[in-house]
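*Asks:* Contents of structure.txt (compact mmCIF, N, CA and C atoms) are below:
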```
# COMPACT_ATOMS: atom_id res chain seq x y z
N MET O 1 -13.95 63.55 76.08
CA MET O 1 -13.24 62.91 74.99
C MET O 1 -13.19 61.40 75.24
N THR O 2 -13.58 60.63 74.24
CA THR O 2 -13.59 59.18 74.33
C THR O 2 -12.31 58.63 73.70
N ALA O 3 -11.68 57.73 74.41
CA ALA O 3 -10.46 57.10 73.89
C ALA O 3 -10.81 56.13 72.77
N ALA O 4 -9.99 56.11 71.75
CA ALA O 4 -10.18 55.17 70.64
C ALA O 4 -9.84 53.76 71.11
N VAL O 5 -10.62 52.82 70.67
CA VAL O 5 -10.37 51.42 71.00
C VAL O 5 -10.08 50.68 69.71
N ILE O 6 -8.96 49.99 69.68
CA ILE O 6 -8.58 49.20 68.52
C ILE O 6 -8.57 47.74 68.96
N GLU O 7 -9.33 46.94 68.28
CA GLU O 7 -9.38 45.51 68.58
C GLU O 7 -8.11 44.83 68.08
N ALA O 8 -7.61 43.87 68.82
CA ALA O 8 -6.38 43.16 68.45
C ALA O 8 -6.50 42.55 67.05
N GLY O 9 -7.68 42.07 66.71
CA GLY O 9 -7.89 41.46 65.39
C GLY O 9 -7.72 42.43 64.23
N ASP O 10 -7.78 43.73 64.52
CA ASP O 10 -7.60 44.74 63.49
C ASP O 10 -6.15 45.17 63.33
N VAL O 11 -5.29 44.73 64.22
CA VAL O 11 -3.87 45.11 64.19
C VAL O 11 -3.13 44.16 63.27
N ARG O 12 -2.40 44.71 62.31
CA ARG O 12 -1.67 43.88 61.35
C ARG O 12 -0.20 43.77 61.73
N LEU O 13 0.35 44.83 62.34
CA LEU O 13 1.77 44.89 62.68
C LEU O 13 1.92 45.64 64.00
N VAL O 14 2.71 45.07 64.89
CA VAL O 14 3.03 45.76 66.13
C VAL O 14 4.55 45.93 66.18
N CYS O 15 4.99 47.06 66.68
CA CYS O 15 6.42 47.36 66.76
C CYS O 15 6.78 47.68 68.19
N GLU O 16 7.85 47.09 68.66
CA GLU O 16 8.37 47.35 70.00
C GLU O 16 9.82 47.80 69.87
N VAL O 17 10.17 48.83 70.63
CA VAL O 17 11.57 49.24 70.75
C VAL O 17 12.08 48.57 72.02
N LEU O 18 13.02 47.68 71.83
CA LEU O 18 13.54 46.87 72.93
C LEU O 18 14.36 47.72 73.88
N SER O 19 13.90 47.80 75.09
CA SER O 19 14.63 48.51 76.13
C SER O 19 15.55 47.52 76.83
N PRO O 20 16.82 47.88 77.03
CA PRO O 20 17.73 46.94 77.70
C PRO O 20 17.20 46.47 79.06
N SER O 21 16.47 47.33 79.75
CA SER O 21 15.95 46.95 81.07
C SER O 21 14.70 46.08 80.97
N ASN O 22 14.08 46.01 79.78
CA ASN O 22 12.85 45.26 79.59
C ASN O 22 12.97 44.17 78.53
N ALA O 23 14.17 43.79 78.18
CA ALA O 23 14.40 42.88 77.05
C ALA O 23 13.62 41.57 77.18
N ALA O 24 13.61 40.98 78.33
CA ALA O 24 12.92 39.69 78.50
C ALA O 24 11.42 39.84 78.27
N THR O 25 10.85 40.93 78.73
CA THR O 25 9.42 41.16 78.55
C THR O 25 9.07 41.29 77.08
N ASP O 26 9.84 42.10 76.34
CA ASP O 26 9.56 42.31 74.91
C ASP O 26 9.85 41.07 74.08
N ASN O 27 10.94 40.37 74.38
CA ASN O 27 11.35 39.21 73.59
C ASN O 27 10.51 37.98 73.83
N VAL O 28 9.96 37.84 75.02
CA VAL O 28 9.24 36.61 75.35
C VAL O 28 7.77 36.87 75.65
N LEU O 29 7.51 37.60 76.70
CA LEU O 29 6.15 37.77 77.17
C LEU O 29 5.26 38.51 76.18
N LYS O 30 5.69 39.70 75.74
CA LYS O 30 4.86 40.46 74.81
C LYS O 30 4.71 39.72 73.48
N MET O 31 5.77 39.10 73.02
CA MET O 31 5.71 38.35 71.77
C MET O 31 4.66 37.24 71.87
N HIS O 32 4.63 36.58 73.01
CA HIS O 32 3.64 35.52 73.24
C HIS O 32 2.22 36.09 73.21
N TYR O 33 2.01 37.22 73.88
CA TYR O 33 0.68 37.84 73.91
C TYR O 33 0.23 38.29 72.52
N TYR O 34 1.13 38.86 71.74
CA TYR O 34 0.77 39.31 70.39
C TYR O 34 0.40 38.12 69.50
N ALA O 35 1.15 37.04 69.62
CA ALA O 35 0.83 35.84 68.83
C ALA O 35 -0.53 35.28 69.25
N ALA O 36 -0.79 35.25 70.55
CA ALA O 36 -2.07 34.75 71.05
C ALA O 36 -3.23 35.62 70.58
N ALA O 37 -2.97 36.90 70.34
CA ALA O 37 -4.00 37.83 69.85
C ALA O 37 -4.13 37.78 68.33
N ASP O 38 -3.39 36.88 67.68
CA ASP O 38 -3.43 36.69 66.22
C ASP O 38 -2.90 37.89 65.44
N ILE O 39 -1.96 38.63 66.02
CA ILE O 39 -1.32 39.72 65.29
C ILE O 39 -0.23 39.09 64.43
N GLU O 40 -0.36 39.24 63.12
CA GLU O 40 0.49 38.48 62.20
C GLU O 40 1.95 38.91 62.18
N TRP O 41 2.22 40.21 62.30
CA TRP O 41 3.59 40.71 62.16
C TRP O 41 4.06 41.40 63.43
N TYR O 42 5.32 41.19 63.78
CA TYR O 42 5.92 41.78 64.98
C TYR O 42 7.30 42.31 64.59
N LEU O 43 7.51 43.60 64.78
CA LEU O 43 8.80 44.22 64.48
C LEU O 43 9.45 44.62 65.79
N LEU O 44 10.63 44.09 66.03
CA LEU O 44 11.37 44.36 67.26
C LEU O 44 12.60 45.18 66.91
N VAL O 45 12.76 46.32 67.55
CA VAL O 45 13.88 47.22 67.30
C VAL O 45 14.82 47.16 68.51
N GLU O 46 16.05 46.75 68.27
CA GLU O 46 17.05 46.73 69.34
C GLU O 46 17.60 48.13 69.51
N GLN O 47 17.30 48.74 70.63
CA GLN O 47 17.70 50.12 70.89
C GLN O 47 19.22 50.27 70.97
N GLU O 48 19.90 49.29 71.54
CA GLU O 48 21.35 49.41 71.76
C GLU O 48 22.16 49.40 70.46
N ASN O 49 21.74 48.60 69.46
CA ASN O 49 22.54 48.52 68.24
C ASN O 49 21.75 48.86 66.97
N GLY O 50 20.46 49.17 67.10
CA GLY O 50 19.68 49.60 65.96
C GLY O 50 19.24 48.50 65.01
N THR O 51 19.39 47.26 65.39
CA THR O 51 19.00 46.15 64.52
C THR O 51 17.48 45.95 64.57
N LEU O 52 16.89 45.69 63.39
CA LEU O 52 15.47 45.41 63.29
C LEU O 52 15.26 43.92 63.06
N HIS O 53 14.36 43.33 63.82
CA HIS O 53 14.00 41.93 63.65
C HIS O 53 12.53 41.88 63.28
N LEU O 54 12.23 41.35 62.10
CA LEU O 54 10.86 41.23 61.64
C LEU O 54 10.42 39.78 61.78
N TYR O 55 9.31 39.58 62.48
CA TYR O 55 8.77 38.25 62.73
C TYR O 55 7.38 38.14 62.11
N ARG O 56 7.05 36.93 61.66
CA ARG O 56 5.71 36.65 61.15
C ARG O 56 5.14 35.49 61.96
N ARG O 57 3.88 35.63 62.32
CA ARG O 57 3.25 34.60 63.13
C ARG O 57 3.08 33.32 62.32
N GLN O 58 3.42 32.24 62.95
CA GLN O 58 3.26 30.91 62.36
C GLN O 58 2.60 30.06 63.44
N GLY O 59 1.30 29.87 63.30
CA GLY O 59 0.55 29.18 64.35
C GLY O 59 0.47 30.06 65.59
N ARG O 60 0.93 29.53 66.70
CA ARG O 60 0.87 30.27 67.96
C ARG O 60 2.19 30.95 68.32
N HIS O 61 3.13 30.95 67.39
CA HIS O 61 4.46 31.52 67.64
C HIS O 61 4.87 32.40 66.47
N TYR O 62 5.99 33.10 66.65
CA TYR O 62 6.54 33.91 65.58
C TYR O 62 7.80 33.26 65.03
N ARG O 63 8.00 33.42 63.73
CA ARG O 63 9.22 32.96 63.06
C ARG O 63 9.90 34.19 62.48
N GLU O 64 11.20 34.30 62.69
CA GLU O 64 11.94 35.46 62.19
C GLU O 64 11.98 35.44 60.67
N GLU O 65 11.54 36.54 60.07
CA GLU O 65 11.52 36.70 58.61
C GLU O 65 12.79 37.38 58.12
N SER O 66 13.26 38.39 58.87
CA SER O 66 14.44 39.12 58.41
C SER O 66 15.09 39.86 59.57
N VAL O 67 16.36 40.18 59.35
CA VAL O 67 17.14 41.00 60.28
C VAL O 67 17.76 42.11 59.46
N THR O 68 17.57 43.35 59.91
CA THR O 68 18.11 44.51 59.20
C THR O 68 19.00 45.30 60.14
N LYS O 69 20.24 45.49 59.73
CA LYS O 69 21.21 46.22 60.55
C LYS O 69 21.33 47.66 60.07
N PRO O 70 21.82 48.55 60.92
CA PRO O 70 22.02 49.95 60.49
C PRO O 70 22.85 50.01 59.22
N GLY O 71 22.47 50.92 58.33
CA GLY O 71 23.13 51.05 57.05
C GLY O 71 22.36 50.35 55.94
N ALA O 72 21.45 49.46 56.33
CA ALA O 72 20.59 48.76 55.37
C ALA O 72 19.16 49.26 55.56
N ALA O 73 18.25 48.78 54.74
CA ALA O 73 16.85 49.18 54.85
C ALA O 73 15.96 47.95 54.82
N LEU O 74 14.94 47.98 55.64
CA LEU O 74 13.91 46.95 55.64
C LEU O 74 12.83 47.39 54.67
N GLU O 75 12.62 46.60 53.62
CA GLU O 75 11.61 46.91 52.61
C GLU O 75 10.39 46.03 52.90
N LEU O 76 9.36 46.63 53.47
CA LEU O 76 8.14 45.89 53.75
C LEU O 76 7.20 45.95 52.55
N THR O 77 6.60 44.82 52.22
CA THR O 77 5.53 44.79 51.24
C THR O 77 4.25 44.29 51.91
N GLU O 78 4.42 43.62 53.05
CA GLU O 78 3.30 43.16 53.87
C GLU O 78 3.61 43.52 55.31
N PRO O 79 2.72 43.86 56.12
CA PRO O 79 1.31 44.11 55.86
C PRO O 79 1.06 45.49 55.28
N VAL O 80 2.11 46.30 55.21
CA VAL O 80 2.02 47.63 54.59
C VAL O 80 3.27 47.80 53.73
N ARG O 81 3.21 48.74 52.81
CA ARG O 81 4.40 49.08 52.03
C ARG O 81 5.15 50.16 52.78
N ALA O 82 6.40 49.88 53.11
CA ALA O 82 7.20 50.85 53.84
C ALA O 82 8.67 50.52 53.71
N THR O 83 9.50 51.54 53.75
CA THR O 83 10.94 51.37 53.83
C THR O 83 11.35 51.92 55.18
N ILE O 84 11.99 51.07 55.98
CA ILE O 84 12.38 51.46 57.33
C ILE O 84 13.89 51.33 57.45
N ARG O 85 14.52 52.40 57.84
CA ARG O 85 15.97 52.41 58.07
C ARG O 85 16.19 52.46 59.58
N PRO O 86 16.98 51.52 60.11
CA PRO O 86 17.19 51.50 61.56
C PRO O 86 17.64 52.84 62.14
N GLU O 87 18.50 53.54 61.44
CA GLU O 87 19.02 54.80 61.97
C GLU O 87 17.94 55.88 62.04
N ASP O 88 16.81 55.69 61.37
CA ASP O 88 15.69 56.63 61.48
C ASP O 88 14.87 56.39 62.74
N LEU O 89 15.03 55.21 63.35
CA LEU O 89 14.25 54.86 64.54
C LEU O 89 15.00 55.08 65.83
N VAL O 90 16.28 54.79 65.81
CA VAL O 90 17.10 54.95 67.02
C VAL O 90 18.39 55.66 66.63
N PRO O 91 18.87 56.53 67.50
CA PRO O 91 20.12 57.27 67.17
C PRO O 91 21.33 56.38 67.14
```
As a first step, turn the structure in this file into structure tokens.

*Replies:*
Amino acid sequence: MTAAVIEAGDVRLVCEVLSPSNAATDNVLKMHYYAAADIEWYLLVEQENGTLHLYRRQGRHYREESVTKPGAALELTEPVRATIRPEDLVP
């Protein structure tokens, strides 16, 4: 069985569930790597409180587009159409 290979240039959105023990890695290091790979959208899910942070790449960095707290819904129209409720991702 051959593993599927996905090129970074083909990725439109990456999502990370922020682990309290790995917060610095997800918030800084991984975000930097994704921006350097030209991935336009980055969704960060805070596991402790269920908040969703949606970022869009601007140059070599990300700019926060929206913050969605539990009880609300994130309505994506780009890069895909989706409705995401924080409580559906984390208990």

*Asks:* Report, in Å to a single decimal, how far apart CA of Ala82 in chain O and CA of Pro20 in chain O are.

*Replies:*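 It comes out at 26.4 Å.
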
*Asks:* Please indicate the distance in Å from CA of Glu64 in chain O to CA of Glu40 in chain O, rounded to one decimal place.

*Replies:*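 These two atoms are separated by 11.8 Å.
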
*Asks:* Considering only helix (DSSP H, G or I) as DSSP defines it on the backbone, what residues of chain O qualify? List them as a ChimeraX atom specification.

*Replies:* /O:8-10,20-36,86-89

*Asks:* Take the residues from that selection and write them out as a PDB file, in the frame of the given file, keeping N, CA and C atoms.

*Replies:*
```
ATOM      1  N   ALA O   8      -7.610  43.870  68.820  1.00  0.00           N
ATOM      2  CA  ALA O   8      -6.380  43.160  68.450  1.00  0.00           C
ATOM      3  C   ALA O   8      -6.500  42.550  67.050  1.00  0.00           C
ATOM      4  N   GLY O   9      -7.680  42.070  66.710  1.00  0.00           N
ATOM      5  CA  GLY O   9      -7.890  41.460  65.390  1.00  0.00           C
ATOM      6  C   GLY O   9      -7.720  42.430  64.230  1.00  0.00           C
ATOM      7  N   ASP O  10      -7.780  43.730  64.520  1.00  0.00           N
ATOM      8  CA  ASP O  10      -7.600  44.740  63.490  1.00  0.00           C
ATOM      9  C   ASP O  10      -6.150  45.170  63.330  1.00  0.00           C
ATOM     10  N   PRO O  20      16.820  47.880  77.030  1.00  0.00           N
ATOM     11  CA  PRO O  20      17.730  46.940  77.700  1.00  0.00           C
ATOM     12  C   PRO O  20      17.200  46.470  79.060  1.00  0.00           C
ATOM     13  N   SER O  21      16.470  47.330  79.750  1.00  0.00           N
ATOM     14  CA  SER O  21      15.950  46.950  81.070  1.00  0.00           C
ATOM     15  C   SER O  21      14.700  46.080  80.970  1.00  0.00           C
ATOM     16  N   ASN O  22      14.080  46.010  79.780  1.00  0.00           N
ATOM     17  CA  ASN O  22      12.850  45.260  79.590  1.00  0.00           C
ATOM     18  C   ASN O  22      12.970  44.170  78.530  1.00  0.00           C
ATOM     19  N   ALA O  23      14.170  43.790  78.180  1.00  0.00           N
ATOM     20  CA  ALA O  23      14.400  42.880  77.050  1.00  0.00           C
ATOM     21  C   ALA O  23      13.620  41.570  77.180  1.00  0.00           C
ATOM     22  N   ALA O  24      13.610  40.980  78.330  1.00  0.00           N
ATOM     23  CA  ALA O  24      12.920  39.690  78.500  1.00  0.00           C
ATOM     24  C   ALA O  24      11.420  39.840  78.270  1.00  0.00           C
ATOM     25  N   THR O  25      10.850  40.930  78.730  1.00  0.00           N
ATOM     26  CA  THR O  25       9.420  41.160  78.550  1.00  0.00           C
ATOM     27  C   THR O  25       9.070  41.290  77.080  1.00  0.00           C
ATOM     28  N   ASP O  26       9.840  42.100  76.340  1.00  0.00           N
ATOM     29  CA  ASP O  26       9.560  42.310  74.910  1.00  0.00           C
ATOM     30  C   ASP O  26       9.850  41.070  74.080  1.00  0.00           C
ATOM     31  N   ASN O  27      10.940  40.370  74.380  1.00  0.00           N
ATOM     32  CA  ASN O  27      11.350  39.210  73.590  1.00  0.00           C
ATOM     33  C   ASN O  27      10.510  37.980  73.830  1.00  0.00           C
ATOM     34  N   VAL O  28       9.960  37.840  75.020  1.00  0.00           N
ATOM     35  CA  VAL O  28       9.240  36.610  75.350  1.00  0.00           C
ATOM     36  C   VAL O  28       7.770  36.870  75.650  1.00  0.00           C
ATOM     37  N   LEU O  29       7.510  37.600  76.700  1.00  0.00           N
ATOM     38  CA  LEU O  29       6.150  37.770  77.170  1.00  0.00           C
ATOM     39  C   LEU O  29       5.260  38.510  76.180  1.00  0.00           C
ATOM     40  N   LYS O  30       5.690  39.700  75.740  1.00  0.00           N
ATOM     41  CA  LYS O  30       4.860  40.460  74.810  1.00  0.00           C
ATOM     42  C   LYS O  30       4.710  39.720  73.480  1.00  0.00           C
ATOM     43  N   MET O  31       5.770  39.100  73.020  1.00  0.00           N
ATOM     44  CA  MET O  31       5.710  38.350  71.770  1.00  0.00           C
ATOM     45  C   MET O  31       4.660  37.240  71.870  1.00  0.00           C
ATOM     46  N   HIS O  32       4.630  36.580  73.010  1.00  0.00           N
ATOM     47  CA  HIS O  32       3.640  35.520  73.240  1.00  0.00           C
ATOM     48  C   HIS O  32       2.220  36.090  73.210  1.00  0.00           C
ATOM     49  N   TYR O  33       2.010  37.220  73.880  1.00  0.00           N
ATOM     50  CA  TYR O  33       0.680  37.840  73.910  1.00  0.00           C
ATOM     51  C   TYR O  33       0.230  38.290  72.520  1.00  0.00           C
ATOM     52  N   TYR O  34       1.130  38.860  71.740  1.00  0.00           N
ATOM     53  CA  TYR O  34       0.770  39.310  70.390  1.00  0.00           C
ATOM     54  C   TYR O  34       0.400  38.120  69.500  1.00  0.00           C
ATOM     55  N   ALA O  35       1.150  37.040  69.620  1.00  0.00           N
ATOM     56  CA  ALA O  35       0.830  35.840  68.830  1.00  0.00           C
ATOM     57  C   ALA O  35      -0.530  35.280  69.250  1.00  0.00           C
ATOM     58  N   ALA O  36      -0.790  35.250  70.550  1.00  0.00           N
ATOM     59  CA  ALA O  36      -2.070  34.750  71.050  1.00  0.00           C
ATOM     60  C   ALA O  36      -3.230  35.620  70.580  1.00  0.00           C
ATOM     61  N   PRO O  86      16.980  51.520  60.110  1.00  0.00           N
ATOM     62  CA  PRO O  86      17.190  51.500  61.560  1.00  0.00           C
ATOM     63  C   PRO O  86      17.640  52.840  62.140  1.00  0.00           C
ATOM     64  N   GLU O  87      18.500  53.540  61.440  1.00  0.00           N
ATOM     65  CA  GLU O  87      19.020  54.800  61.970  1.00  0.00           C
ATOM     66  C   GLU O  87      17.940  55.880  62.040  1.00  0.00           C
ATOM     67  N   ASP O  88      16.810  55.690  61.370  1.00  0.00           N
ATOM     68  CA  ASP O  88      15.690  56.630  61.480  1.00  0.00           C
ATOM     69  C   ASP O  88      14.870  56.390  62.740  1.00  0.00           C
ATOM     70  N   LEU O  89      15.030  55.210  63.350  1.00  0.00           N
ATOM     71  CA  LEU O  89      14.250  54.860  64.540  1.00  0.00           C
ATOM     72  C   LEU O  89      15.000  55.080  65.830  1.00  0.00           C
TER      73      LEU O  89
END
```

*Asks:* Just the strand (DSSP E or B) stuff from chain O, please, per backbone DSSP, written as JSON, numbers by chain.

*Replies:* {"O": [13, 14, 15, 16, 17, 18, 41, 42, 43, 44, 45, 46, 52, 53, 54, 55, 56, 57, 58, 61, 62, 63, 64, 65, 66, 67, 68, 74, 75, 76, 82, 83, 84]}

*Asks:* List as a list in words: which residues have an atom within 7 Å of (11.1, 44.1, 64.7), counting only N, CA and C atoms?

*Replies:*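 Those residues lying close to the given coordinates are Val14, Cys15, Glu16, Tyr42, Leu43, Leu44, Val45, Glu46, Thr51, Leu52, His53, Leu54 and Tyr55 of chain O.
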
*Asks:* With distances taken over only C-alpha atoms, which residue among O:Ser19, O:Thr68, O:Thr77, O:Asn27 lies nearest Glu48 in chain O?

*Replies:*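 The closest residue to Glu48 in chain O is O:Ser19.
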
*Asks:* Can you work out the spacing between CA of Ala24 in chain O and atom C of His61 in chain O in Å, to one decimal?

*Replies:*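 CA of Ala24 in chain O sits 16.2 Å away from atom C of His61 in chain O.
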
*Asks:* Pick out the residues sitting within 8 Å of range 29-38 of chain O, and hand them over as a ChimeraX atom specification; count all atoms listed in the file, and ignore anything fewer than 2 positions along from it in its own chain.

*Replies:* /O:8-12,23-27,40-42,57-62
